[in-house]
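> Handing you this structure, nothing more for now.
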Amino acid sequence: MVLTVTAVLAWAVPGSEGGPRGELPGLARAHGIALGTAVAVDPLGGDTAYRELVSGHYTSVTAENTMKWQYVQPERGTFDWSGPDAVVGFAEERGLSVRGHTLLWHNQLPDWLAEGSLDAGELRAVTREHVDAVVGRYAGRVTSWDVVNEPFEDDSPRLRDNLWYRALGEDYVAEALWMAHEADPEAKLYVNEYGVEGGGAKADALYELAADLLDRGVPLHGIGFQGHFVHGNVPEDLAENMRRFAELGLDVEVSELDVRIPEPVEEEDLAAQAEEYRYVLESCLAVSRCVGVTVWGVTDAHSWIPEWFPGYTAALPFDGDYTPKPALAGMVQALRRDRRPRGARGRGVR
């Protein structure tokens, strides 16, 4: 099936009759999965069309930046709740769930922390204060947290040499998970990583870490497979790889999905991208413990891709003018295709 731009527009534009506005959330809920998007505070607060895209097509939101340490605790002991409160408040107003992102990450740290010289005891105390404040404030309101984000090196199975690893050793992951659990015992706690969506040494190392944490009774509940894909390079073993983590007793989800296309973007690229979005959703549906897929951004106008990957663009289901692309239809197609109970499905997704 080839999905052209013109075939999508009439039924996917926000507010149009008979389209997936309102259908996507219902389809996702019928399958028992969350369909989410990462939101930015500024357009969420002042752009009505942006807000309507979110609530019309998704069931959950993740704060793209505003819950990161740099923004929520810019000075030691001084918290700025304006952004996180706006995201959580919007979600509650629209009946959406919230994923918390993120508590420990080597990037987007405030200078006082990144450039400080805290010893192990001080860093442990500061981390606990931060986790208690952030997770505690939203206890019962944020359903899951990316507790540790990207603990492994970029292209390596080694744990990343970040400030927590240097001060606390490799067991900092377990310590952080315990801190988050104590702050909100009901929240689902995740390790979130990229470059592990298909098999390989890094994915194997993450699997070994997860198995070890579970063997020791550490409160790890899920793994986030980020899903920042290059068009044409979505791994064919995505479902197979997620399934082995699920068989450990963990929930799994695609937590930061986008599919970037090299410029110039042709209509056939967008049609093929739609098939990639469809495939990712179907991969999730093929794994009984896959609990959701989150798209990393609402529209191409607010995507991180052009800044971080010059020469690539068009990574999201809505373009820079908020017009739906074939990728949106691919998502609908995946969720319409199979209404059987998830446990009754076979393992093939292609």
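Convention: chains lettered A, B, ... in structure tokens order; per-chain residue numbering from 1; ligands numbered from 1 as shown.
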Mind checking which residues fall within 12 Å of Asn162 of chain A, counting only C-alpha atoms, ignoring those fewer than 3 positions away in the same chain, and posting them as a list in words?
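Final neighbour list, sorted by chain and number: Leu104, Trp105, His106, Asn107, Leu109, Leu113, Ala114, Glu115, Val148, Asn149, Glu150, Pro151, Phe152, Glu153, Arg158, Leu159, Tyr165, Arg166, Ala167, Leu168, Gly169, Glu170, Tyr172 and Val173 of chain A.
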> Which residues come within 7 Å of segment 25-35 of chain A, counting only C-alpha atoms, excluding same-chain residues fewer than 4 positions away, as a PyMOL selection string?
chain A and resi 57-60+291-294+335-336
> Those residues you just picked out, can you put them in a file as a compact mmCIF listing (two decimals), in the first residue's frame with all heavy atoms?

# COMPACT_ATOMS: atom_id res chain seq x y z
N HIS A 57 -4.58 13.44 19.06
CA HIS A 57 -3.94 12.28 18.44
C HIS A 57 -3.17 11.39 19.40
O HIS A 57 -2.70 10.32 18.98
CB HIS A 57 -2.99 12.76 17.33
CG HIS A 57 -3.69 13.44 16.20
ND1 HIS A 57 -3.95 14.78 16.21
CD2 HIS A 57 -4.21 12.94 15.05
CE1 HIS A 57 -4.60 15.10 15.09
NE2 HIS A 57 -4.77 14.02 14.37
N TYR A 58 -3.02 11.77 20.64
CA TYR A 58 -2.19 11.01 21.56
C TYR A 58 -2.89 10.77 22.89
O TYR A 58 -3.87 11.46 23.23
CB TYR A 58 -0.86 11.74 21.78
CG TYR A 58 -0.07 11.89 20.50
CD1 TYR A 58 -0.05 13.10 19.80
CD2 TYR A 58 0.62 10.81 19.96
CE1 TYR A 58 0.65 13.23 18.60
CE2 TYR A 58 1.32 10.92 18.77
CZ TYR A 58 1.34 12.14 18.10
OH TYR A 58 2.02 12.25 16.92
N THR A 59 -2.37 9.80 23.64
CA THR A 59 -2.95 9.48 24.95
C THR A 59 -2.00 9.78 26.10
O THR A 59 -2.39 9.67 27.25
CB THR A 59 -3.34 7.99 25.03
OG1 THR A 59 -2.16 7.18 25.04
CG2 THR A 59 -4.24 7.60 23.87
N SER A 60 -0.76 10.14 25.79
CA SER A 60 0.19 10.46 26.85
C SER A 60 1.18 11.51 26.35
O SER A 60 1.33 11.72 25.14
CB SER A 60 0.96 9.21 27.32
OG SER A 60 1.91 8.80 26.36
N VAL A 291 4.18 -1.54 26.20
CA VAL A 291 3.10 -0.75 26.78
C VAL A 291 2.88 0.58 26.06
O VAL A 291 1.94 1.30 26.40
CB VAL A 291 3.34 -0.50 28.28
CG1 VAL A 291 3.36 -1.82 29.03
CG2 VAL A 291 4.63 0.29 28.51
N GLY A 292 3.73 0.91 25.10
CA GLY A 292 3.49 2.17 24.42
C GLY A 292 4.56 2.56 23.43
O GLY A 292 5.65 1.99 23.37
N VAL A 293 4.20 3.55 22.62
CA VAL A 293 5.11 4.19 21.66
C VAL A 293 4.94 5.69 21.82
O VAL A 293 3.81 6.20 21.78
CB VAL A 293 4.78 3.77 20.21
CG1 VAL A 293 5.64 4.57 19.22
CG2 VAL A 293 4.98 2.27 20.02
N THR A 294 6.05 6.39 22.01
CA THR A 294 6.03 7.85 22.12
C THR A 294 6.83 8.45 20.98
O THR A 294 7.98 8.08 20.75
CB THR A 294 6.63 8.31 23.46
OG1 THR A 294 5.76 7.91 24.53
CG2 THR A 294 6.80 9.82 23.51
N LEU A 335 -2.63 0.35 13.91
CA LEU A 335 -3.56 0.16 15.02
C LEU A 335 -4.92 -0.36 14.56
O LEU A 335 -5.64 -0.99 15.32
CB LEU A 335 -3.73 1.47 15.78
CG LEU A 335 -2.49 1.94 16.53
CD1 LEU A 335 -2.67 3.35 17.06
CD2 LEU A 335 -2.14 1.00 17.68
N ARG A 336 -5.27 -0.11 13.30
CA ARG A 336 -6.52 -0.66 12.76
C ARG A 336 -6.38 -2.12 12.36
O ARG A 336 -7.37 -2.85 12.32
CB ARG A 336 -6.95 0.12 11.51
CG ARG A 336 -7.59 1.46 11.76
CD ARG A 336 -7.87 2.10 10.43
NE ARG A 336 -8.62 3.35 10.53
CZ ARG A 336 -8.85 4.17 9.52
NH1 ARG A 336 -8.38 3.86 8.31
NH2 ARG A 336 -9.53 5.29 9.68
> If we count only C-alpha atoms and set the cut-off at 10 Å, which residues sit around Ala239 of chain A, ignoring sequence neighbours fewer than 3 positions away in its own chain? Please answer as a count of residues only.
20
> I'd like the contact shell of segment 185-190 of chain A - 8 Å cut-off, only C-alpha atoms, skipping same-chain residues fewer than 5 positions apart - returned as a list of chain:residue names.
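Final neighbour list, sorted by chain and number: A:Ala139, A:Gly140, A:Val142, A:Thr143, A:Ser144, A:Trp145, A:Asp146, A:Val147, A:Val148, A:Leu177, A:Ala180, A:Pro219, A:Leu220, A:His221, A:Gly222, A:Ile223, A:Gly224.
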> Per residue of segment 60-91 of chain A within 12 Å of segment 248-268 of chain A, record the nearest atom pair and its distance in Å to one decimal, counting only C-alpha atoms, with rows in chain order and ascending residue number, as a Markdown table.

| residue | atom | partner | partner_atom | distance |
| --- | --- | --- | --- | --- |
| A:Ser60 | CA | A:Ser255 | CA | 11.2 |
| A:Val61 | CA | A:Ser255 | CA | 10.6 |
| A:Thr62 | CA | A:Ser255 | CA | 9.0 |
| A:Ala63 | CA | A:Glu256 | CA | 11.2 |
| A:Glu64 | CA | A:Glu256 | CA | 9.5 |
> Create the file for the chosen residues now, containing all heavy atoms and written as a short mmCIF file (atom, residue, chain, number, x, y, z; two decimals), in the first residue's frame.

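Written output follows (selection00.cif):
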data_model
loop_
_atom_site.label_atom_id
_atom_site.label_comp_id
_atom_site.auth_asym_id
_atom_site.auth_seq_id
_atom_site.Cartn_x
_atom_site.Cartn_y
_atom_site.Cartn_z
N SER A 60 -0.76 10.14 25.79
CA SER A 60 0.19 10.46 26.85
C SER A 60 1.18 11.51 26.35
O SER A 60 1.33 11.72 25.14
CB SER A 60 0.96 9.21 27.32
OG SER A 60 1.91 8.80 26.36
N VAL A 61 1.84 12.16 27.29
CA VAL A 61 2.85 13.16 26.95
C VAL A 61 4.10 12.91 27.78
O VAL A 61 4.05 12.38 28.90
CB VAL A 61 2.36 14.60 27.19
CG1 VAL A 61 1.22 14.95 26.25
CG2 VAL A 61 1.95 14.83 28.64
N THR A 62 5.23 13.31 27.20
CA THR A 62 6.52 13.34 27.88
C THR A 62 7.06 14.75 27.75
O THR A 62 6.98 15.35 26.67
CB THR A 62 7.51 12.37 27.23
OG1 THR A 62 6.98 11.04 27.25
CG2 THR A 62 8.85 12.39 27.94
N ALA A 63 7.58 15.30 28.83
CA ALA A 63 8.21 16.62 28.76
C ALA A 63 9.54 16.48 28.03
O ALA A 63 10.44 15.77 28.48
CB ALA A 63 8.44 17.17 30.17
N GLU A 64 9.64 17.15 26.89
CA GLU A 64 10.85 17.01 26.08
C GLU A 64 12.09 17.51 26.82
O GLU A 64 13.14 16.88 26.77
CB GLU A 64 10.68 17.76 24.76
CG GLU A 64 11.84 17.57 23.80
CD GLU A 64 11.59 18.21 22.46
OE1 GLU A 64 10.57 18.92 22.30
OE2 GLU A 64 12.42 18.01 21.55
#
> Separation of atom CA of Ser97 of chain A and atom CA of Arg141 of chain A, in Å?
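Spanning atom CA of Ser97 of chain A to atom CA of Arg141 of chain A is a straight-line distance of 7.9 Å.
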> Please identify the strand (DSSP E or B) residues within segment 130-344 of chain A (assignment by DSSP from backbone atoms) and present them as a VMD selection string.
chain A and resid 144 to 149 152 159 188 to 193 222 to 225 228 to 230 251 to 262 290 to 295 312 to 313 318 324
> Could you turn the residues from that selection into a file that holds N, CA and C atoms, as a compact mmCIF listing (two decimals), in the first residue's frame?

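New file result_16.txt:
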# COMPACT_ATOMS: atom_id res chain seq x y z
N SER A 144 5.14 7.02 35.08
CA SER A 144 6.41 6.31 34.89
C SER A 144 7.53 7.34 34.73
N TRP A 145 8.75 6.90 35.05
CA TRP A 145 9.92 7.78 34.99
C TRP A 145 11.06 7.10 34.25
N ASP A 146 11.73 7.86 33.36
CA ASP A 146 13.04 7.46 32.87
C ASP A 146 14.03 7.85 33.96
N VAL A 147 14.36 6.90 34.80
CA VAL A 147 15.19 7.20 35.97
C VAL A 147 16.63 7.44 35.55
N VAL A 148 17.16 6.53 34.74
CA VAL A 148 18.52 6.68 34.23
C VAL A 148 18.43 6.68 32.71
N ASN A 149 18.96 7.72 32.09
CA ASN A 149 18.89 7.90 30.65
C ASN A 149 20.28 7.73 30.05
N PHE A 152 24.86 3.86 28.91
CA PHE A 152 25.97 3.26 28.18
C PHE A 152 26.61 4.27 27.23
N LEU A 159 29.57 0.97 30.39
CA LEU A 159 28.82 2.00 31.07
C LEU A 159 29.51 3.35 30.86
N LYS A 188 6.14 3.46 37.71
CA LYS A 188 6.92 2.51 36.94
C LYS A 188 8.26 3.15 36.59
N LEU A 189 9.35 2.43 36.83
CA LEU A 189 10.68 2.99 36.71
C LEU A 189 11.44 2.33 35.57
N TYR A 190 12.06 3.18 34.73
CA TYR A 190 12.68 2.73 33.49
C TYR A 190 14.15 3.11 33.42
N VAL A 191 14.90 2.29 32.71
CA VAL A 191 16.17 2.68 32.11
C VAL A 191 15.89 2.93 30.64
N ASN A 192 16.34 4.09 30.13
CA ASN A 192 16.03 4.52 28.77
C ASN A 192 17.34 4.63 27.99
N GLU A 193 17.38 4.03 26.79
CA GLU A 193 18.66 3.98 26.06
C GLU A 193 18.41 4.00 24.56
N GLY A 222 10.82 -1.34 33.64
CA GLY A 222 10.74 -1.30 32.19
C GLY A 222 12.00 -0.78 31.53
N ILE A 223 12.06 -0.99 30.22
CA ILE A 223 13.15 -0.50 29.38
C ILE A 223 12.55 0.36 28.28
N GLY A 224 13.11 1.56 28.11
CA GLY A 224 12.73 2.42 27.01
C GLY A 224 13.73 2.29 25.87
N PHE A 225 13.24 1.91 24.69
CA PHE A 225 14.06 1.84 23.48
C PHE A 225 13.77 3.13 22.71
N HIS A 228 15.37 6.65 17.81
CA HIS A 228 15.77 7.73 16.91
C HIS A 228 16.39 7.10 15.67
N PHE A 229 15.57 6.88 14.65
CA PHE A 229 15.99 6.10 13.50
C PHE A 229 16.30 7.00 12.30
N VAL A 230 17.20 6.50 11.46
CA VAL A 230 17.45 7.08 10.15
C VAL A 230 16.58 6.33 9.14
N ASP A 251 8.30 -4.41 31.41
CA ASP A 251 7.59 -3.71 30.35
C ASP A 251 8.62 -3.11 29.40
N VAL A 252 8.22 -2.95 28.16
CA VAL A 252 9.09 -2.31 27.16
C VAL A 252 8.26 -1.28 26.41
N GLU A 253 8.93 -0.27 25.88
CA GLU A 253 8.24 0.70 25.03
C GLU A 253 9.23 1.40 24.14
N VAL A 254 8.74 1.91 23.03
CA VAL A 254 9.53 2.78 22.15
C VAL A 254 9.29 4.18 22.67
N SER A 255 10.31 4.81 23.20
CA SER A 255 10.12 5.98 24.05
C SER A 255 10.40 7.32 23.38
N GLU A 256 11.09 7.34 22.22
CA GLU A 256 11.46 8.62 21.61
C GLU A 256 11.49 8.49 20.08
N LEU A 257 10.42 8.02 19.51
CA LEU A 257 10.43 7.67 18.09
C LEU A 257 10.48 8.89 17.17
N ASP A 258 11.42 8.88 16.26
CA ASP A 258 11.39 9.73 15.07
C ASP A 258 12.18 9.03 13.98
N VAL A 259 11.89 9.37 12.73
CA VAL A 259 12.56 8.74 11.58
C VAL A 259 13.02 9.87 10.67
N ARG A 260 14.29 10.24 10.76
CA ARG A 260 14.79 11.39 10.02
C ARG A 260 15.17 10.99 8.59
N ILE A 261 14.91 11.92 7.68
CA ILE A 261 15.12 11.68 6.25
C ILE A 261 16.17 12.66 5.74
N PRO A 262 17.15 12.20 4.96
CA PRO A 262 18.12 13.14 4.38
C PRO A 262 17.47 14.05 3.36
N CYS A 290 4.82 -4.80 25.54
CA CYS A 290 5.09 -3.45 25.03
C CYS A 290 3.91 -2.56 25.40
N VAL A 291 4.18 -1.54 26.20
CA VAL A 291 3.10 -0.75 26.78
C VAL A 291 2.88 0.58 26.06
N GLY A 292 3.73 0.91 25.10
CA GLY A 292 3.49 2.17 24.42
C GLY A 292 4.56 2.56 23.43
N VAL A 293 4.20 3.55 22.62
CA VAL A 293 5.11 4.19 21.66
C VAL A 293 4.94 5.69 21.82
N THR A 294 6.05 6.39 22.01
CA THR A 294 6.03 7.85 22.12
C THR A 294 6.83 8.45 20.98
N VAL A 295 6.20 9.36 20.25
CA VAL A 295 6.85 10.08 19.15
C VAL A 295 7.57 11.29 19.74
N TYR A 312 19.33 16.53 7.70
CA TYR A 312 18.20 15.61 7.90
C TYR A 312 16.99 16.41 8.38
N THR A 313 15.81 15.92 8.03
CA THR A 313 14.60 16.66 8.40
C THR A 313 13.40 15.71 8.33
N PHE A 318 3.77 15.10 11.66
CA PHE A 318 3.21 16.37 11.19
C PHE A 318 4.36 17.26 10.73
N PRO A 324 -0.60 16.94 8.47
CA PRO A 324 -0.25 15.54 8.65
C PRO A 324 0.48 14.98 7.44
> Ranking A:Ala174, A:Ala133, A:Leu123, A:Leu53 by minimum distance to Arg216 of chain A and counting only C-alpha atoms, which one comes first?
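Residue with the minimum atom-to-atom distance to Arg216 of chain A: A:Ala174.
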> From a DSSP calculation on the backbone, collect every residue of segment 88-228 of chain A in alpha helix (DSSP H) and output the set as an MDAnalysis selection string.
chainID A and resid 88:94 111:114 120:137 163:168 172:183 201:215
> Please tabulate, as JSON lines, the residues of segment 105-179 of chain A that come within 12 Å of segment 78-86 of chain A, each with its closest pair of atoms and the distance in Å to one decimal, counting only C-alpha atoms and ordering rows by chain, then residue number upward.

{"residue": "A:Pro110", "atom": "CA", "partner": "A:Thr78", "partner_atom": "CA", "distance": 11.4}
{"residue": "A:Trp112", "atom": "CA", "partner": "A:Thr78", "partner_atom": "CA", "distance": 11.6}
{"residue": "A:Glu129", "atom": "CA", "partner": "A:Phe79", "partner_atom": "CA", "distance": 11.1}
{"residue": "A:His130", "atom": "CA", "partner": "A:Phe79", "partner_atom": "CA", "distance": 9.1}
{"residue": "A:Val131", "atom": "CA", "partner": "A:Phe79", "partner_atom": "CA", "distance": 11.8}
{"residue": "A:Ala133", "atom": "CA", "partner": "A:Phe79", "partner_atom": "CA", "distance": 8.6}
{"residue": "A:Val134", "atom": "CA", "partner": "A:Trp81", "partner_atom": "CA", "distance": 9.0}
{"residue": "A:Val135", "atom": "CA", "partner": "A:Pro84", "partner_atom": "CA", "distance": 11.2}
{"residue": "A:Arg137", "atom": "CA", "partner": "A:Trp81", "partner_atom": "CA", "distance": 9.4}
{"residue": "A:Tyr138", "atom": "CA", "partner": "A:Asp85", "partner_atom": "CA", "distance": 8.9}
{"residue": "A:Arg141", "atom": "CA", "partner": "A:Asp85", "partner_atom": "CA", "distance": 10.6}
{"residue": "A:Val142", "atom": "CA", "partner": "A:Pro84", "partner_atom": "CA", "distance": 10.5}
> Pull N, CA, C and O atoms from the residues just selected and write them as a compact mmCIF listing (two decimals), in the first residue's frame.

# COMPACT_ATOMS: atom_id res chain seq x y z
N PRO A 110 22.86 21.42 35.17
CA PRO A 110 23.25 22.78 35.52
C PRO A 110 24.74 22.85 35.80
O PRO A 110 25.37 21.86 36.22
N TRP A 112 26.39 24.15 38.17
CA TRP A 112 26.80 23.89 39.56
C TRP A 112 26.99 22.40 39.82
O TRP A 112 27.78 22.00 40.68
N GLU A 129 18.05 14.33 47.12
CA GLU A 129 17.23 15.54 47.28
C GLU A 129 16.47 15.85 45.99
O GLU A 129 15.29 16.21 46.00
N HIS A 130 17.17 15.74 44.87
CA HIS A 130 16.55 16.04 43.58
C HIS A 130 15.44 15.05 43.25
O HIS A 130 14.33 15.44 42.86
N VAL A 131 15.74 13.76 43.39
CA VAL A 131 14.75 12.73 43.07
C VAL A 131 13.55 12.85 44.00
O VAL A 131 12.39 12.75 43.56
N ALA A 133 12.43 15.49 45.47
CA ALA A 133 11.67 16.69 45.14
C ALA A 133 10.85 16.49 43.87
O ALA A 133 9.64 16.79 43.84
N VAL A 134 11.48 16.00 42.81
CA VAL A 134 10.82 15.91 41.51
C VAL A 134 9.79 14.78 41.49
O VAL A 134 8.61 14.99 41.16
N VAL A 135 10.21 13.59 41.85
CA VAL A 135 9.29 12.45 41.84
C VAL A 135 8.21 12.63 42.89
O VAL A 135 7.02 12.35 42.65
N ARG A 137 6.94 15.40 44.08
CA ARG A 137 5.95 16.42 43.71
C ARG A 137 4.86 15.85 42.81
O ARG A 137 3.68 16.26 42.91
N TYR A 138 5.24 14.93 41.93
CA TYR A 138 4.28 14.41 40.95
C TYR A 138 3.85 12.97 41.25
O TYR A 138 3.33 12.29 40.37
N ARG A 141 0.73 11.33 39.86
CA ARG A 141 0.33 12.12 38.69
C ARG A 141 1.19 11.77 37.47
O ARG A 141 0.72 11.85 36.34
N VAL A 142 2.44 11.43 37.68
CA VAL A 142 3.33 10.93 36.63
C VAL A 142 3.42 9.42 36.80
O VAL A 142 3.84 8.94 37.86
> Counting only C-alpha atoms, figure out which residue out of A:Ala49, A:Leu24, A:Val54, A:Ala176 gets nearest to Trp296 of chain A.
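The answer is A:Val54, which sits nearest to Trp296 of chain A.
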> What is the atom CA of Thr299 of chain A to atom CA of Asp269 of chain A distance in Å?
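Rounded to one decimal, the two atoms are 17.3 Å apart.
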